>>> print(open('run_10.pdb').read())   # PDB, C-alpha atoms
ATOM      1  CA  MET A1385     -30.944  19.738  16.947
ATOM      2  CA  SER A1386     -30.152  22.374  14.370
ATOM      3  CA  ILE A1387     -28.565  20.778  11.328
ATOM      4  CA  TYR A1388     -27.477  24.236  10.192
ATOM      5  CA  LYS A1389     -25.597  24.820  13.429
ATOM      6  CA  SER A1390     -23.996  21.378  13.313
ATOM      7  CA  LEU A1391     -22.800  21.798   9.721
ATOM      8  CA  CYS A1392     -21.485  25.290  10.496
ATOM      9  CA  GLU A1393     -19.578  23.900  13.451
ATOM     10  CA  ILE A1394     -18.156  21.049  11.311
ATOM     11  CA  GLY A1395     -17.220  23.421   8.501
ATOM     12  CA  GLU A1396     -15.556  25.962  10.764
ATOM     13  CA  ARG A1397     -13.580  23.265  12.527
ATOM     14  CA  ILE A1398     -12.417  21.621   9.280
ATOM     15  CA  ILE A1399     -11.408  25.001   7.852
ATOM     16  CA  ALA A1400      -9.586  25.981  11.080
ATOM     17  CA  ASN A1401      -7.664  22.667  10.925
ATOM     18  CA  LYS A1402      -6.833  22.881   7.224
ATOM     19  CA  ASP A1403      -3.076  23.080   7.772
ATOM     20  CA  PHE A1404      -3.088  20.375  10.450
ATOM     21  CA  LEU A1405      -4.958  17.931   8.187
ATOM     22  CA  THR A1406      -2.759  18.757   5.218
ATOM     23  CA  GLU A1407       0.358  18.229   7.330
ATOM     24  CA  LEU A1408      -0.882  14.780   8.427
ATOM     25  CA  ASP A1409      -1.498  13.969   4.766
ATOM     26  CA  ARG A1410       1.953  15.256   3.776
ATOM     27  CA  GLU A1411       3.473  12.599   6.035
ATOM     28  CA  ILE A1412       1.724   9.603   4.486
ATOM     29  CA  GLY A1413      -0.293  10.787   1.487
ATOM     30  CA  ASP A1414      -0.410  13.529  -1.107
ATOM     31  CA  ALA A1415      -0.750  16.561   1.176
ATOM     32  CA  ASP A1416      -4.161  17.665   0.021
ATOM     33  CA  HIS A1417      -6.649  16.449   2.646
ATOM     34  CA  GLY A1418      -6.900  19.740   4.545
ATOM     35  CA  VAL A1419      -7.013  21.890   1.422
ATOM     36  CA  ASN A1420      -9.619  19.648  -0.206
ATOM     37  CA  MET A1421     -11.856  19.351   2.848
ATOM     38  CA  ALA A1422     -11.655  23.089   3.563
ATOM     39  CA  ARG A1423     -12.627  23.886  -0.045
ATOM     40  CA  GLY A1424     -15.545  21.453   0.208
ATOM     41  CA  PHE A1425     -16.852  22.817   3.491
ATOM     42  CA  GLN A1426     -16.389  26.423   2.411
ATOM     43  CA  ALA A1427     -18.819  25.591  -0.404
ATOM     44  CA  VAL A1428     -21.182  23.825   2.022
ATOM     45  CA  LEU A1429     -21.221  26.878   4.321
ATOM     46  CA  GLU A1430     -22.094  29.076   1.353
ATOM     47  CA  LYS A1431     -25.008  26.823   0.333
ATOM     48  CA  ILE A1432     -26.837  26.139   3.593
ATOM     49  CA  THR A1433     -29.190  28.557   5.342
ATOM     50  CA  PRO A1434     -30.612  28.605   8.903
ATOM     51  CA  ASP A1435     -34.215  28.418   7.684
ATOM     52  CA  GLU A1436     -33.877  24.960   6.116
ATOM     53  CA  LYS A1437     -35.300  22.540   8.662
ATOM     54  CA  ASP A1438     -35.465  19.178   6.855
ATOM     55  CA  ILE A1439     -32.325  17.514   8.204
ATOM     56  CA  GLY A1440     -32.289  14.881   5.457
ATOM     57  CA  ALA A1441     -32.546  17.452   2.668
ATOM     58  CA  VAL A1442     -29.784  19.607   4.144
ATOM     59  CA  LEU A1443     -27.488  16.598   4.555
ATOM     60  CA  LYS A1444     -28.178  15.596   0.953
ATOM     61  CA  LYS A1445     -27.303  19.077  -0.237
ATOM     62  CA  ALA A1446     -24.114  19.059   1.847
ATOM     63  CA  GLY A1447     -23.197  15.622   0.487
ATOM     64  CA  MET A1448     -23.693  16.641  -3.137
ATOM     65  CA  THR A1449     -21.612  19.756  -2.547
ATOM     66  CA  LEU A1450     -18.782  17.696  -1.083
ATOM     67  CA  LEU A1451     -18.947  15.312  -4.079
ATOM     68  CA  SER A1452     -18.407  18.286  -6.352
ATOM     69  CA  LYS A1453     -15.981  20.494  -4.471
ATOM     70  CA  VAL A1454     -13.597  18.342  -2.426
ATOM     71  CA  GLY A1455     -11.775  16.798  -5.387
ATOM     72  CA  GLY A1456      -9.869  13.962  -3.700
ATOM     73  CA  ALA A1457     -11.039  10.596  -2.392
ATOM     74  CA  SER A1458     -12.495  12.228   0.704
ATOM     75  CA  GLY A1459     -15.077  13.865  -1.620
ATOM     76  CA  PRO A1460     -16.899  10.686  -2.611
ATOM     77  CA  LEU A1461     -16.298   9.174   0.854
ATOM     78  CA  TYR A1462     -17.679  12.046   2.938
ATOM     79  CA  GLY A1463     -20.180  12.942   0.204
ATOM     80  CA  THR A1464     -21.615   9.423   0.273
ATOM     81  CA  ALA A1465     -21.628   9.396   4.089
ATOM     82  CA  TYR A1466     -23.643  12.638   4.251
ATOM     83  CA  MET A1467     -26.022  11.569   1.500
ATOM     84  CA  GLU A1468     -26.679   8.152   3.053
ATOM     85  CA  ALA A1469     -27.279   9.766   6.461
ATOM     86  CA  GLY A1470     -29.568  12.236   4.680
ATOM     87  CA  LYS A1471     -31.640   9.422   3.168
ATOM     88  CA  ILE A1472     -32.241   7.956   6.646
ATOM     89  CA  LEU A1473     -33.213  11.367   8.080
ATOM     90  CA  ALA A1474     -35.380  12.560   5.171
ATOM     91  CA  GLY A1475     -38.239  14.731   6.401
ATOM     92  CA  LYS A1476     -37.015  14.910   9.995
ATOM     93  CA  GLU A1477     -36.725  18.293  11.686
ATOM     94  CA  ASP A1478     -35.484  16.993  14.996
ATOM     95  CA  LEU A1479     -33.318  14.067  16.015
ATOM     96  CA  THR A1480     -33.917  11.404  18.623
ATOM     97  CA  PRO A1481     -30.911   9.480  19.957
ATOM     98  CA  GLU A1482     -32.093   6.569  17.798
ATOM     99  CA  ASP A1483     -32.148   8.798  14.696
ATOM    100  CA  LEU A1484     -28.529   9.777  15.275
ATOM    101  CA  LYS A1485     -27.635   6.100  15.691
ATOM    102  CA  ALA A1486     -29.330   5.257  12.399
ATOM    103  CA  ALA A1487     -27.588   8.172  10.657
ATOM    104  CA  LEU A1488     -24.152   7.097  11.917
ATOM    105  CA  GLU A1489     -24.887   3.542  10.822
ATOM    106  CA  ALA A1490     -25.881   4.724   7.335
ATOM    107  CA  ALA A1491     -22.765   6.882   7.099
ATOM    108  CA  ILE A1492     -20.545   3.923   8.017
ATOM    109  CA  ALA A1493     -22.273   1.688   5.473
ATOM    110  CA  GLY A1494     -21.875   4.393   2.807
ATOM    111  CA  ILE A1495     -18.160   4.842   3.480
ATOM    112  CA  GLN A1496     -17.589   1.077   3.493
ATOM    113  CA  LYS A1497     -19.428   0.683   0.201
ATOM    114  CA  ARG A1498     -17.570   3.566  -1.450
ATOM    115  CA  GLY A1499     -14.097   2.857  -0.091
ATOM    116  CA  LYS A1500     -14.390  -0.932   0.016
ATOM    117  CA  ALA A1501     -12.677  -0.617   3.385
ATOM    118  CA  VAL A1502     -13.093  -2.365   6.713
ATOM    119  CA  ARG A1503     -11.982  -1.414  10.211
ATOM    120  CA  GLY A1504      -8.243  -1.643  10.857
ATOM    121  CA  GLU A1505      -7.020  -0.360   7.489
ATOM    122  CA  LYS A1506      -5.975   3.071   8.808
ATOM    123  CA  THR A1507      -8.929   5.038   7.499
ATOM    124  CA  MET A1508     -11.691   7.332   8.766
ATOM    125  CA  LEU A1509     -13.585   4.174   9.742
ATOM    126  CA  ASP A1510     -11.081   3.560  12.548
ATOM    127  CA  ALA A1511     -12.411   6.677  14.285
ATOM    128  CA  LEU A1512     -16.055   6.403  13.207
ATOM    129  CA  ILE A1513     -16.796   2.740  13.966
ATOM    130  CA  PRO A1514     -15.520   2.784  17.596
ATOM    131  CA  ALA A1515     -17.401   6.057  18.115
ATOM    132  CA  TYR A1516     -20.580   4.484  16.757
ATOM    133  CA  GLU A1517     -20.177   1.425  19.005
ATOM    134  CA  THR A1518     -19.653   3.563  22.106
ATOM    135  CA  TYR A1519     -22.632   5.716  21.161
ATOM    136  CA  CYS A1520     -24.829   2.604  20.864
ATOM    137  CA  GLU A1521     -23.626   1.222  24.222
ATOM    138  CA  ASN A1522     -24.480   4.492  25.956
ATOM    139  CA  ILE A1523     -27.534   5.587  23.994
ATOM    140  CA  ASN A1524     -29.783   5.254  27.054
ATOM    141  CA  SER A1525     -27.754   7.865  28.929
ATOM    142  CA  GLY A1526     -28.916  10.578  26.519
ATOM    143  CA  MET A1527     -27.671  11.862  23.187
ATOM    144  CA  ILE A1528     -25.108  14.354  24.491
ATOM    145  CA  ASN A1529     -23.585  12.011  27.025
ATOM    146  CA  ALA A1530     -23.450   9.126  24.530
ATOM    147  CA  LEU A1531     -21.870  11.345  21.895
ATOM    148  CA  ASP A1532     -19.402  12.739  24.415
ATOM    149  CA  LEU A1533     -18.180   9.206  25.153
ATOM    150  CA  ALA A1534     -18.268   8.403  21.427
ATOM    151  CA  CYS A1535     -15.896  11.298  20.738
ATOM    152  CA  LYS A1536     -13.438   9.864  23.248
ATOM    153  CA  SER A1537     -13.590   6.543  21.387
ATOM    154  CA  ALA A1538     -13.031   8.376  18.088
ATOM    155  CA  HIS A1539      -9.912   9.919  19.637
ATOM    156  CA  GLU A1540      -8.670   6.535  20.786
ATOM    157  CA  GLY A1541      -9.354   5.211  17.295
ATOM    158  CA  LEU A1542      -7.408   8.104  15.810
ATOM    159  CA  GLU A1543      -4.461   7.330  18.101
ATOM    160  CA  TYR A1544      -4.747   3.656  17.139
ATOM    161  CA  THR A1545      -4.280   4.581  13.462
ATOM    162  CA  LYS A1546      -0.704   5.572  14.400
ATOM    163  CA  THR A1547       0.059   1.960  15.249
ATOM    164  CA  ILE A1548      -1.197   0.244  12.102
ATOM    165  CA  ILE A1549      -0.159  -0.119   8.471
ATOM    166  CA  ALA A1550      -2.231   1.641   5.824
ATOM    167  CA  THR A1551      -3.704  -0.704   3.230
ATOM    168  CA  LYS A1552      -6.016   1.772   1.494
ATOM    169  CA  GLY A1553      -5.326   4.879  -0.543
ATOM    170  CA  ARG A1554      -2.016   6.602  -1.225
ATOM    171  CA  ALA A1555      -0.693   5.828   2.281
ATOM    172  CA  SER A1556      -0.707   2.116   1.407
ATOM    173  CA  TYR A1557       2.263   2.743  -0.932
ATOM    174  CA  LEU A1558       4.335   3.393   2.201
ATOM    175  CA  GLY A1559       3.612   0.012   3.802
ATOM    176  CA  GLU A1560       5.286  -0.206   7.195
ATOM    177  CA  ARG A1561       6.540   3.360   6.928
ATOM    178  CA  SER A1562       2.944   4.494   7.430
ATOM    179  CA  ILE A1563       3.245   3.357  11.064
ATOM    180  CA  GLY A1564       3.739   6.226  13.522
ATOM    181  CA  HIS A1565       1.443   8.620  11.672
ATOM    182  CA  GLN A1566      -2.191   9.446  12.329
ATOM    183  CA  ASP A1567      -4.548   8.860   9.448
ATOM    184  CA  PRO A1568      -5.781  12.231   8.082
ATOM    185  CA  GLY A1569      -9.271  10.864   7.351
ATOM    186  CA  ALA A1570      -9.588   9.542  10.905
ATOM    187  CA  ALA A1571      -8.494  12.996  12.113
ATOM    188  CA  SER A1572     -11.113  14.859  10.050
ATOM    189  CA  MET A1573     -13.741  12.326  11.151
ATOM    190  CA  THR A1574     -12.882  12.919  14.818
ATOM    191  CA  LEU A1575     -13.156  16.686  14.263
ATOM    192  CA  THR A1576     -16.550  16.107  12.645
ATOM    193  CA  LEU A1577     -17.938  14.153  15.597
ATOM    194  CA  GLU A1578     -16.569  16.693  18.093
ATOM    195  CA  ALA A1579     -18.183  19.502  16.128
ATOM    196  CA  ILE A1580     -21.589  17.797  16.233
ATOM    197  CA  LEU A1581     -21.158  17.311  19.998
ATOM    198  CA  ASP A1582     -20.284  20.976  20.493
ATOM    199  CA  ALA A1583     -23.260  22.121  18.429
ATOM    200  CA  LEU A1584     -25.538  19.914  20.528
ATOM    201  CA  LYS A1585     -24.049  21.208  23.786
ATOM    202  CA  GLN A1586     -24.533  24.816  22.706
ATOM    203  CA  GLU A1587     -28.227  24.156  22.120
ATOM    204  CA  ASN A1588     -28.777  22.657  25.543
TER     205      ASN A1588
ATOM    206  CA  MET B 254     -23.165   4.655 -30.794
ATOM    207  CA  VAL B 255     -21.641   3.809 -27.417
ATOM    208  CA  GLY B 256     -20.657   6.964 -25.532
ATOM    209  CA  ILE B 257     -17.321   7.494 -23.827
ATOM    210  CA  VAL B 258     -16.494   9.664 -20.798
ATOM    211  CA  ILE B 259     -12.926  10.599 -19.946
ATOM    212  CA  VAL B 260     -12.385  11.297 -16.231
ATOM    213  CA  SER B 261      -9.183  12.948 -15.083
ATOM    214  CA  HIS B 262      -8.039  15.015 -12.117
ATOM    215  CA  SER B 263      -6.891  17.578 -14.678
ATOM    216  CA  TRP B 264      -9.286  19.202 -17.133
ATOM    217  CA  LYS B 265      -6.374  19.628 -19.530
ATOM    218  CA  ILE B 266      -5.737  15.884 -19.533
ATOM    219  CA  ALA B 267      -9.431  15.093 -19.998
ATOM    220  CA  GLU B 268      -9.794  17.561 -22.876
ATOM    221  CA  GLY B 269      -6.518  16.488 -24.447
ATOM    222  CA  VAL B 270      -7.333  12.790 -24.317
ATOM    223  CA  CYS B 271     -10.730  13.513 -25.886
ATOM    224  CA  ASP B 272      -9.073  15.535 -28.688
ATOM    225  CA  LEU B 273      -6.647  12.719 -29.401
ATOM    226  CA  ALA B 274      -9.302   9.988 -29.289
ATOM    227  CA  ARG B 275     -11.581  11.966 -31.648
ATOM    228  CA  GLU B 276      -8.711  12.516 -34.057
ATOM    229  CA  MET B 277      -7.835   8.815 -34.058
ATOM    230  CA  SER B 278     -11.433   7.709 -34.618
ATOM    231  CA  ASN B 279     -12.532   9.830 -37.575
ATOM    232  CA  GLY B 280     -14.017  12.545 -35.445
ATOM    233  CA  ASN B 281     -16.100  10.338 -33.120
ATOM    234  CA  SER B 282     -18.126  12.994 -31.346
ATOM    235  CA  GLY B 283     -19.490  10.835 -28.539
ATOM    236  CA  ILE B 284     -16.457  11.365 -26.315
ATOM    237  CA  ILE B 285     -17.073  13.725 -23.400
ATOM    238  CA  PRO B 286     -14.459  15.059 -20.948
ATOM    239  CA  ALA B 287     -15.065  15.304 -17.177
ATOM    240  CA  GLY B 288     -11.826  16.694 -15.793
ATOM    241  CA  GLY B 289     -10.881  18.726 -12.732
ATOM    242  CA  LEU B 290     -13.158  20.828 -10.551
ATOM    243  CA  ASP B 291     -15.285  23.752 -11.727
ATOM    244  CA  ASP B 292     -12.781  26.295 -10.404
ATOM    245  CA  GLY B 293      -9.976  24.653 -12.405
ATOM    246  CA  SER B 294      -8.447  22.895  -9.395
ATOM    247  CA  ILE B 295      -7.015  19.414  -9.693
ATOM    248  CA  GLY B 296      -9.555  16.832  -8.556
ATOM    249  CA  THR B 297     -12.514  14.743  -9.640
ATOM    250  CA  ASP B 298     -16.160  15.793  -9.383
ATOM    251  CA  SER B 299     -18.892  13.133  -9.286
ATOM    252  CA  MET B 300     -21.579  15.624 -10.311
ATOM    253  CA  LYS B 301     -19.591  16.680 -13.356
ATOM    254  CA  ILE B 302     -18.991  13.040 -14.279
ATOM    255  CA  ALA B 303     -22.722  12.284 -13.956
ATOM    256  CA  GLU B 304     -23.503  15.178 -16.325
ATOM    257  CA  ALA B 305     -20.883  13.932 -18.793
ATOM    258  CA  ILE B 306     -22.398  10.424 -18.743
ATOM    259  CA  LYS B 307     -25.804  11.925 -19.615
ATOM    260  CA  ASN B 308     -24.271  13.957 -22.432
ATOM    261  CA  ALA B 309     -22.322  10.988 -23.800
ATOM    262  CA  ASP B 310     -25.237   8.562 -23.794
ATOM    263  CA  GLN B 311     -26.946   7.969 -27.110
ATOM    264  CA  GLY B 312     -28.996   5.017 -25.908
ATOM    265  CA  GLU B 313     -26.345   2.335 -26.249
ATOM    266  CA  GLY B 314     -24.531   2.866 -22.978
ATOM    267  CA  VAL B 315     -21.392   4.649 -21.856
ATOM    268  CA  VAL B 316     -17.853   3.480 -21.136
ATOM    269  CA  ILE B 317     -15.935   5.536 -18.556
ATOM    270  CA  ILE B 318     -12.156   5.705 -18.684
ATOM    271  CA  ALA B 319     -10.530   7.300 -15.651
ATOM    272  CA  ASP B 320      -7.082   8.251 -14.425
ATOM    273  CA  ILE B 321      -5.748   7.670 -10.910
ATOM    274  CA  GLY B 322      -6.769   7.584  -7.251
ATOM    275  CA  SER B 323     -10.170   9.070  -6.509
ATOM    276  CA  ALA B 324     -11.182   9.138 -10.192
ATOM    277  CA  ILE B 325     -12.583   5.611  -9.960
ATOM    278  CA  MET B 326     -14.414   6.307  -6.695
ATOM    279  CA  SER B 327     -15.899   9.496  -8.137
ATOM    280  CA  ALA B 328     -16.980   7.649 -11.295
ATOM    281  CA  GLU B 329     -18.651   4.922  -9.205
ATOM    282  CA  THR B 330     -20.438   7.622  -7.215
ATOM    283  CA  ALA B 331     -21.588   9.292 -10.442
ATOM    284  CA  ILE B 332     -23.106   6.019 -11.697
ATOM    285  CA  GLU B 333     -24.975   5.643  -8.392
ATOM    286  CA  LEU B 334     -26.209   9.243  -8.504
ATOM    287  CA  LEU B 335     -27.765   8.512 -11.902
ATOM    288  CA  GLU B 336     -29.320   5.272 -10.621
ATOM    289  CA  ASP B 337     -30.768   7.184  -7.652
ATOM    290  CA  GLU B 338     -32.273   9.669 -10.107
ATOM    291  CA  GLY B 339     -33.968   6.758 -11.876
ATOM    292  CA  SER B 340     -31.769   6.994 -14.955
ATOM    293  CA  SER B 341     -31.617   3.892 -17.140
ATOM    294  CA  ILE B 342     -28.241   4.704 -18.697
ATOM    295  CA  HIS B 343     -25.929   1.695 -18.626
ATOM    296  CA  ALA B 344     -22.471   3.007 -17.716
ATOM    297  CA  GLU B 345     -19.400   0.840 -17.112
ATOM    298  CA  ILE B 346     -15.942   1.804 -15.871
ATOM    299  CA  ALA B 347     -13.090   0.354 -17.931
ATOM    300  CA  ASP B 348     -10.019  -1.034 -16.171
ATOM    301  CA  ALA B 349      -7.763   0.655 -18.691
ATOM    302  CA  PRO B 350      -4.979   3.231 -19.088
ATOM    303  CA  ILE B 351      -6.544   6.579 -19.885
ATOM    304  CA  VAL B 352      -4.840   7.461 -23.197
ATOM    305  CA  GLU B 353      -4.545   4.044 -24.809
ATOM    306  CA  GLY B 354      -7.922   2.973 -23.442
ATOM    307  CA  ALA B 355      -9.642   6.093 -24.770
ATOM    308  CA  VAL B 356      -8.196   5.707 -28.274
ATOM    309  CA  CYS B 357      -9.067   1.999 -28.531
ATOM    310  CA  ALA B 358     -12.575   2.578 -27.139
ATOM    311  CA  ALA B 359     -13.196   5.507 -29.490
ATOM    312  CA  VAL B 360     -12.168   3.493 -32.556
ATOM    313  CA  GLU B 361     -14.326   0.541 -31.530
ATOM    314  CA  ALA B 362     -17.323   2.773 -30.775
ATOM    315  CA  ALA B 363     -16.972   4.634 -34.076
ATOM    316  CA  GLY B 364     -16.889   1.253 -35.844
ATOM    317  CA  GLY B 365     -20.276   0.361 -34.419
ATOM    318  CA  GLY B 366     -19.148  -1.752 -31.470
ATOM    319  CA  ASN B 367     -21.555  -2.411 -28.609
ATOM    320  CA  LEU B 368     -20.996  -1.622 -24.912
ATOM    321  CA  ASP B 369     -19.223  -4.926 -24.251
ATOM    322  CA  SER B 370     -16.882  -4.672 -27.214
ATOM    323  CA  VAL B 371     -15.998  -1.029 -26.480
ATOM    324  CA  LEU B 372     -15.288  -1.926 -22.867
ATOM    325  CA  THR B 373     -13.172  -4.914 -23.941
ATOM    326  CA  SER B 374     -11.235  -2.805 -26.475
ATOM    327  CA  ALA B 375     -10.385  -0.286 -23.765
ATOM    328  CA  GLU B 376      -9.340  -2.963 -21.292
ATOM    329  CA  GLU B 377      -7.250  -4.933 -23.803
ATOM    330  CA  SER B 378      -5.199  -1.819 -24.459
ATOM    331  CA  LYS B 379      -3.422  -2.228 -21.138
ATOM    332  CA  ASP B 380      -1.712  -5.378 -22.440
ATOM    333  CA  ALA B 381      -0.373  -3.748 -25.589
ATOM    334  CA  SER B 382       3.410  -3.685 -25.657
ATOM    335  CA  LYS B 383       5.044  -0.472 -26.903
ATOM    336  CA  LEU B 384       8.545  -1.759 -27.587
TER     337      LEU B 384
END
>>> encode(input="run_10.pdb", output="structure tokens")
Amino acid sequence: MSIYKSLCEIGERIIANKDFLTELDREIGDADHGVNMARGFQAVLEKITPDEKDIGAVLKKAGMTLLSKVGGASGPLYGTAYMEAGKILAGKEDLTPEDLKAALEAAIAGIQKRGKAVRGEKTMLDALIPAYETYCENINSGMINALDLACKSAHEGLEYTKTIIATKGRASYLGERSIGHQDPGAASMTLTLEAILDALKQEN
Amino acid sequence: MVGIVIVSHSWKIAEGVCDLAREMSNGNSGIIPAGGLDDGSIGTDSMKIAEAIKNADQGEGVVIIADIGSAIMSAETAIELLEDEGSSIHAEIADAPIVEGAVCAAVEAAGGGNLDSVLTSAEESKDASKL
């Protein structure tokens, strides 16, 4: 898989959904998620080139850029996720289904460490963890098929965030009033997974 | 002397708090701001904080005093970035209000306090009553 193509797809999708993500964040947070993520990925798109093949090194570079340019909590959260995935994939130029599993696992661990969050707290983990589990259950059916199903689980997880109370971040100030709204981080995470799937499909 | 890093979403706040803390501590020069993003936007930048920690360190460790929200997460990330680089700088985040904490920490550091006492001075400032 081309890491350049995947990151381009993620970046373009985040930037195209800037207003949508910001609107979700206006409802339960501080209305900056879309703006922050778009600024971060604009910088990532400017830094990566198609000739860089080491997936781990590119992910590390993307992660460090997000740490610097996003500005809000999603900076250290996504930045750590990309850097931890990059550590697992250091030196790799192609991905096996098992590599992608390990990278998703490292990203989850990184986000949990950074955000001190667990599943069910209305965060990006509520999209990512179900997606990871579905991917693992279907890994033998091939990377694209497993990721396709994983994206559906991410979507279900995103919908589930509407039904629960936020206990992390700014949205936690709202308590029960956070119910009925999608979590912006879960939304950007779902977009991320769908972008990786699309990049993979385009290659095959 | 123990170094101090001031992390804020706003570079104006970070610079201003540093100015005030220096003034209140006889010109303590080991106080370094890490505020905002490079383009002037509101936000916190782990890479900038990591650089500030390096600049603040004089061998006796660094106390970080941060404002709200993602500032703490970005400071924690900065400490880990330095560890990953193999840095031996001992940096601690104070659970303290940014202005009062910075002034108390700066005075204690200028008086020769060690990392623990500077950290404690910053953290005790949150219990100080104003009226």
>>> atom_distance(input="run_10.pdb", atom1="atom CA of Ser261 of chain B", atom2="atom CA of Ile1394 of chain A")
29.0 Å
>>> interface_residues(input="run_10.pdb", of="chain B", to="chain A", cutoff="6 Å", atoms="only C-alpha atoms", output="list in words")
Gly296, Thr297, Asp298, Ser299, Met300, Ser323 and Ser327 of chain B
>>> write_last_selection(input="run_10.pdb", atoms="C-alpha atoms", output="PDB file, in the frame of the given file")
ATOM      1  CA  GLY B 296      -9.555  16.832  -8.556  1.00  0.00           C
ATOM      2  CA  THR B 297     -12.514  14.743  -9.640  1.00  0.00           C
ATOM      3  CA  ASP B 298     -16.160  15.793  -9.383  1.00  0.00           C
ATOM      4  CA  SER B 299     -18.892  13.133  -9.286  1.00  0.00           C
ATOM      5  CA  MET B 300     -21.579  15.624 -10.311  1.00  0.00           C
ATOM      6  CA  SER B 323     -10.170   9.070  -6.509  1.00  0.00           C
ATOM      7  CA  SER B 327     -15.899   9.496  -8.137  1.00  0.00           C
TER       8      SER B 327
END
>>> residues_around(input="run_10.pdb", residues="Gly314 of chain B", least_positions_apart="3", cutoff="6 Å", atoms="all atoms listed in the file", output="NGL selection string")
:B and (255 or 310 or 342-344)
>>> atom_distance(input="run_10.pdb", atom1="atom CA of Pro286 of chain B", atom2="atom CA of Tyr1557 of chain A")
28.8 Å
>>> resolve_selection(input="run_10.pdb", expression="the PyMOL selection byres ((chain A and resi 1493) around 12)", output="mmCIF file with C-alpha atoms, keeping the file's coordinate frame")
data_model
loop_
_atom_site.group_PDB
_atom_site.id
_atom_site.type_symbol
_atom_site.label_atom_id
_atom_site.label_comp_id
_atom_site.auth_asym_id
_atom_site.auth_seq_id
_atom_site.Cartn_x
_atom_site.Cartn_y
_atom_site.Cartn_z
ATOM 1 C CA LEU A 1461 -16.298 9.174 0.854
ATOM 2 C CA TYR A 1462 -17.679 12.046 2.938
ATOM 3 C CA THR A 1464 -21.615 9.423 0.273
ATOM 4 C CA ALA A 1465 -21.628 9.396 4.089
ATOM 5 C CA TYR A 1466 -23.643 12.638 4.251
ATOM 6 C CA MET A 1467 -26.022 11.569 1.500
ATOM 7 C CA GLU A 1468 -26.679 8.152 3.053
ATOM 8 C CA ALA A 1469 -27.279 9.766 6.461
ATOM 9 C CA ILE A 1472 -32.241 7.956 6.646
ATOM 10 C CA ALA A 1486 -29.330 5.257 12.399
ATOM 11 C CA ALA A 1487 -27.588 8.172 10.657
ATOM 12 C CA LEU A 1488 -24.152 7.097 11.917
ATOM 13 C CA GLU A 1489 -24.887 3.542 10.822
ATOM 14 C CA ALA A 1490 -25.881 4.724 7.335
ATOM 15 C CA ALA A 1491 -22.765 6.882 7.099
ATOM 16 C CA ILE A 1492 -20.545 3.923 8.017
ATOM 17 C CA GLY A 1494 -21.875 4.393 2.807
ATOM 18 C CA ILE A 1495 -18.160 4.842 3.480
ATOM 19 C CA GLN A 1496 -17.589 1.077 3.493
ATOM 20 C CA LYS A 1497 -19.428 0.683 0.201
ATOM 21 C CA ARG A 1498 -17.570 3.566 -1.450
ATOM 22 C CA GLY A 1499 -14.097 2.857 -0.091
ATOM 23 C CA LYS A 1500 -14.390 -0.932 0.016
ATOM 24 C CA ALA A 1501 -12.677 -0.617 3.385
ATOM 25 C CA VAL A 1502 -13.093 -2.365 6.713
ATOM 26 C CA ARG A 1503 -11.982 -1.414 10.211
ATOM 27 C CA LEU A 1509 -13.585 4.174 9.742
ATOM 28 C CA LEU A 1512 -16.055 6.403 13.207
ATOM 29 C CA ILE A 1513 -16.796 2.740 13.966
ATOM 30 C CA TYR A 1516 -20.580 4.484 16.757
#
>>> resolve_selection(input="run_10.pdb", expression="the PyMOL selection byres ((chain B and resi 272) around 12)", output="PyMOL selection string")
chain B and resi 259+265-271+273-286+352+355-356+359
>>> resolve_selection(input="run_10.pdb", expression="the PyMOL selection byres ((chain B and resi 365-374) around 12)", output="PyMOL selection string")
chain B and resi 254-258+278+281+310-318+342-350+353-364+375-381
>>> write_last_selection(input="run_10.pdb", atoms="C-alpha atoms", output="compact mmCIF listing (two decimals), in the coordinates of the input")
# COMPACT_ATOMS: atom_id res chain seq x y z
CA MET B 254 -23.16 4.66 -30.79
CA VAL B 255 -21.64 3.81 -27.42
CA GLY B 256 -20.66 6.96 -25.53
CA ILE B 257 -17.32 7.49 -23.83
CA VAL B 258 -16.49 9.66 -20.80
CA SER B 278 -11.43 7.71 -34.62
CA ASN B 281 -16.10 10.34 -33.12
CA ASP B 310 -25.24 8.56 -23.79
CA GLN B 311 -26.95 7.97 -27.11
CA GLY B 312 -29.00 5.02 -25.91
CA GLU B 313 -26.34 2.34 -26.25
CA GLY B 314 -24.53 2.87 -22.98
CA VAL B 315 -21.39 4.65 -21.86
CA VAL B 316 -17.85 3.48 -21.14
CA ILE B 317 -15.94 5.54 -18.56
CA ILE B 318 -12.16 5.70 -18.68
CA ILE B 342 -28.24 4.70 -18.70
CA HIS B 343 -25.93 1.70 -18.63
CA ALA B 344 -22.47 3.01 -17.72
CA GLU B 345 -19.40 0.84 -17.11
CA ILE B 346 -15.94 1.80 -15.87
CA ALA B 347 -13.09 0.35 -17.93
CA ASP B 348 -10.02 -1.03 -16.17
CA ALA B 349 -7.76 0.66 -18.69
CA PRO B 350 -4.98 3.23 -19.09
CA GLU B 353 -4.54 4.04 -24.81
CA GLY B 354 -7.92 2.97 -23.44
CA ALA B 355 -9.64 6.09 -24.77
CA VAL B 356 -8.20 5.71 -28.27
CA CYS B 357 -9.07 2.00 -28.53
CA ALA B 358 -12.58 2.58 -27.14
CA ALA B 359 -13.20 5.51 -29.49
CA VAL B 360 -12.17 3.49 -32.56
CA GLU B 361 -14.33 0.54 -31.53
CA ALA B 362 -17.32 2.77 -30.78
CA ALA B 363 -16.97 4.63 -34.08
CA GLY B 364 -16.89 1.25 -35.84
CA ALA B 375 -10.38 -0.29 -23.76
CA GLU B 376 -9.34 -2.96 -21.29
CA GLU B 377 -7.25 -4.93 -23.80
CA SER B 378 -5.20 -1.82 -24.46
CA LYS B 379 -3.42 -2.23 -21.14
CA ASP B 380 -1.71 -5.38 -22.44
CA ALA B 381 -0.37 -3.75 -25.59
